[in-house]
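**Q** Here you go, one structure.
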Amino acid sequence: MDEKPVVDWKRSATDLAKALAKGGASALARGVLIISVFTIVNLAFSVVFFFLAGLAGGGHGSLLAFPLALVPFAPFAVMAAVLAQKQGVMRLVAGAVESQGPTIATLGSHYLGSFLKERYGDLKSSKVGTGFDAGWQRYLKSRTEASWPVRVVIGQVTSRVPLGEVIDELAEKSIPTEQVPREVMIRVIQRVSEERLRPSWVPVLILFAVNFVWFPVITMLVGR
């Protein structure tokens, strides 16, 4: 049986859930704004394109051709929805790390220690290899005794750092196997804390600019 983490992980899970809930409102508002703007803009482009491309024709039957005017612009609305989802997750993870860094490190080291003990045993006699990170993520998802917020946050945070490389590096320095999980998580938290975890508006603005450039391009191509 694995030893329980030093902290009360159920209480920590509650704290993490609160952090996620706090950032959830911001993530939701951001996502709704992004999706709404891209949907409205591309719907407007489609209406204009419908007439400029000669799809309007005449009579009520011409409205049946309107879905064709949506096709050139639908990918932008879809990409905006995907981007909004990814940035929503980033916002939640950022809030959790900023408010619960030490707790995440403690919980992460507990599950990482269990994984290392189960799969690799003594790290001094073997390297974990390049496939470690994928196996770790699968293992973490299988730990159903931990709440969903705990698994998601630890998974997202540790995915930003090549854990296999860090573990092999620590093993080469003759750090005791039982101390490796804690050292790894300390490095992970330090690295992600130094990064800009909160989502940036730059990718959204780039997609928006490409969207606006695409409208005259597709209009000219069809008009030839």
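A note on labels: chains of the structure tokens are A, B, ... as shown, every chain counts residues from 1, and ligands are counted from 1 in their shown order.
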Just want the 10 Å neighbourhood of Ala21 (chain A), counted on only C-alpha atoms, with same-chain residues fewer than 4 positions away dropped. Output as a list in words.

**A** Asp15, Leu16, Ala17, Ala25, Ser26, Ala27, Leu92, Gly95 and Ala96 of chain A

**Q** Name the residues in contact with Ser142 (chain A) at a cut-off of 12 Å, using only C-alpha atoms, excluding same-chain residues fewer than 4 positions from it; report them as a list in words.

**A**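 Everything that qualifies: Tyr111, Phe115, Gly135, Trp136, Gln137, Arg138, Ala146, Ser147, Trp148, Arg151, Val152 and Gly155 of chain A.
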
**Q** Just how far from CA of Leu70 (chain A) is CA of Phe45 (chain A), in Å to one decimal?

**A**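 Rounded to one decimal, the two atoms are 8.4 Å apart.
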
**Q** Using only C-alpha atoms, find each residue in region 5-49 of chain A having at least one atom no more than 6 Å away from region 75-83 of chain A; report its shortest atom-to-atom pair and that distance in Å (one decimal), rows by chain then rising number, as CSV.

**A**
residue,atom,partner,partner_atom,distance
A:Ile35,CA,A:Ala81,CA,5.6
A:Phe38,CA,A:Ala77,CA,5.6
A:Thr39,CA,A:Ala77,CA,5.7

**Q** Using only C-alpha atoms, determine which residues lie at most 12 Å from Gly164 (chain A), disregarding the query and same-chain residues fewer than 5 positions distant; provide the list as a list in words.

**A** Leu112, Leu116, Tyr120, Leu123, Ser126, Lys127, Val128, Gly129, Thr130, Gly131, Phe132, Asp133, Ala134, Gly135, Trp136, Gln137, Thr158, Ser159, Glu169, Leu170, Ala171, Val180, Pro181, Val184 and Val188 of chain A

**Q** Limited to C-alpha atoms, could you put the picked residues into a file as a short mmCIF file (atom, residue, chain, number, x, y, z; two decimals), in the first residue's frame?

**A**
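Listing of part.cif after writing:
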data_model
loop_
_atom_site.label_atom_id
_atom_site.label_comp_id
_atom_site.auth_asym_id
_atom_site.auth_seq_id
_atom_site.Cartn_x
_atom_site.Cartn_y
_atom_site.Cartn_z
CA LEU A 112 4.94 10.37 -8.95
CA LEU A 116 8.23 5.28 -9.93
CA TYR A 120 10.95 1.40 -12.11
CA LEU A 123 16.41 4.41 -10.34
CA SER A 126 18.05 1.98 -14.83
CA LYS A 127 17.02 5.05 -16.79
CA VAL A 128 13.34 5.85 -17.17
CA GLY A 129 13.74 6.67 -20.86
CA THR A 130 11.89 8.88 -23.33
CA GLY A 131 8.55 7.09 -22.92
CA PHE A 132 8.28 8.03 -19.27
CA ASP A 133 6.12 11.12 -19.71
CA ALA A 134 3.39 9.38 -21.72
CA GLY A 135 3.26 6.53 -19.21
CA TRP A 136 3.10 8.98 -16.31
CA GLN A 137 0.14 10.82 -17.83
CA THR A 158 3.82 18.21 -15.34
CA SER A 159 3.19 18.08 -19.10
CA GLU A 169 19.48 13.76 -14.35
CA LEU A 170 18.70 13.45 -10.64
CA ALA A 171 19.46 9.73 -10.68
CA VAL A 180 13.50 12.10 -6.45
CA PRO A 181 9.71 12.71 -6.70
CA VAL A 184 11.22 16.68 -9.56
CA VAL A 188 8.38 21.55 -12.16
#

**Q** Please identify all polymer residues within 10 Å of region 201-208 of chain A, counting only C-alpha atoms, omitting same-chain residues fewer than 2 positions from it, and present them as a list of chain:residue names.

**A** A:Arg30, A:Ile34, A:Val37, A:Phe38, A:Val41, A:Phe76, A:Met79, A:Ala80, A:Leu83, A:Ala84, A:Gln87, A:Arg198, A:Pro199, A:Val210, A:Asn211, A:Phe212, A:Val213, A:Trp214

**Q** Taking only region 102-219 of chain A into account, list the residues labelled helix (DSSP H, G or I) by DSSP (computed from the backbone), as a tab-separated table (two decimals) with C-alpha atoms, in the first residue's frame.

**A**
chain	number	residue	atom	x	y	z
A	102	PRO	CA	3.12	23.92	-2.63
A	103	THR	CA	0.06	21.68	-2.44
A	104	ILE	CA	0.41	20.66	-6.09
A	105	ALA	CA	4.07	19.82	-5.47
A	106	THR	CA	3.20	17.65	-2.47
A	107	LEU	CA	0.37	15.80	-4.20
A	108	GLY	CA	2.34	15.45	-7.42
A	109	SER	CA	5.34	14.00	-5.61
A	110	HIS	CA	3.07	11.46	-3.88
A	111	TYR	CA	1.62	10.09	-7.14
A	112	LEU	CA	4.94	10.37	-8.95
A	113	GLY	CA	6.61	8.41	-6.16
A	114	SER	CA	3.97	5.69	-6.43
A	115	PHE	CA	4.45	5.52	-10.18
A	116	LEU	CA	8.23	5.28	-9.93
A	117	LYS	CA	8.05	2.60	-7.26
A	118	GLU	CA	5.54	0.57	-9.27
A	119	ARG	CA	7.23	0.81	-12.67
A	123	LEU	CA	16.41	4.41	-10.34
A	124	LYS	CA	20.15	3.97	-9.87
A	125	SER	CA	20.14	0.78	-11.89
A	132	PHE	CA	8.28	8.03	-19.27
A	133	ASP	CA	6.12	11.12	-19.71
A	134	ALA	CA	3.39	9.38	-21.72
A	135	GLY	CA	3.26	6.53	-19.21
A	136	TRP	CA	3.10	8.98	-16.31
A	137	GLN	CA	0.14	10.82	-17.83
A	138	ARG	CA	-1.73	7.54	-18.36
A	139	TYR	CA	-0.97	6.47	-14.79
A	140	LEU	CA	-2.16	9.79	-13.38
A	141	LYS	CA	-5.46	9.57	-15.25
A	142	SER	CA	-6.01	6.10	-13.79
A	148	TRP	CA	-10.73	15.20	-11.20
A	149	PRO	CA	-9.37	18.72	-10.46
A	150	VAL	CA	-6.27	17.23	-8.82
A	151	ARG	CA	-5.54	14.93	-11.76
A	152	VAL	CA	-6.15	17.64	-14.37
A	153	VAL	CA	-3.98	20.26	-12.69
A	154	ILE	CA	-1.08	17.90	-11.92
A	155	GLY	CA	-1.29	16.49	-15.45
A	156	GLN	CA	-1.29	19.92	-17.08
A	157	VAL	CA	1.55	21.23	-14.91
A	158	THR	CA	3.82	18.21	-15.34
A	163	LEU	CA	9.95	14.60	-16.41
A	164	GLY	CA	11.93	11.68	-17.79
A	165	GLU	CA	14.95	13.88	-18.46
A	166	VAL	CA	14.76	15.49	-15.02
A	167	ILE	CA	14.50	12.11	-13.28
A	168	ASP	CA	17.47	10.65	-15.17
A	169	GLU	CA	19.48	13.76	-14.35
A	170	LEU	CA	18.70	13.45	-10.64
A	171	ALA	CA	19.46	9.73	-10.68
A	172	GLU	CA	22.90	10.43	-12.15
A	177	THR	CA	15.22	7.33	-5.06
A	178	GLU	CA	12.76	8.29	-2.33
A	179	GLN	CA	13.78	11.96	-2.66
A	180	VAL	CA	13.50	12.10	-6.45
A	181	PRO	CA	9.71	12.71	-6.70
A	182	ARG	CA	9.89	15.74	-4.39
A	183	GLU	CA	12.92	17.18	-6.19
A	184	VAL	CA	11.22	16.68	-9.56
A	185	MET	CA	8.02	18.44	-8.48
A	186	ILE	CA	9.98	21.34	-6.95
A	187	ARG	CA	11.69	21.84	-10.31
A	188	VAL	CA	8.38	21.55	-12.16
A	189	ILE	CA	6.66	24.18	-10.00
A	190	GLN	CA	9.65	26.51	-10.27
A	191	ARG	CA	9.74	26.23	-14.04
A	192	VAL	CA	6.03	26.71	-14.65
A	193	SER	CA	5.95	29.58	-12.17
A	194	GLU	CA	8.62	31.34	-14.23
A	202	VAL	CA	-1.89	37.32	-29.07
A	203	PRO	CA	-3.03	34.00	-30.65
A	204	VAL	CA	-6.60	35.31	-30.73
A	205	LEU	CA	-5.57	38.56	-32.42
A	206	ILE	CA	-3.44	36.67	-34.96
A	207	LEU	CA	-6.35	34.40	-35.87
A	208	PHE	CA	-8.61	37.46	-36.08
A	209	ALA	CA	-6.16	39.22	-38.43
A	210	VAL	CA	-5.89	36.15	-40.67
A	211	ASN	CA	-9.68	35.95	-40.69
A	212	PHE	CA	-9.95	39.54	-41.98
A	213	VAL	CA	-7.26	38.99	-44.62
A	214	TRP	CA	-9.00	35.83	-45.81
A	215	PHE	CA	-12.26	37.65	-46.61
A	216	PRO	CA	-10.97	39.84	-49.48
A	217	VAL	CA	-8.75	37.00	-50.73
A	218	ILE	CA	-11.59	34.50	-51.09
A	219	THR	CA	-13.85	37.19	-52.53
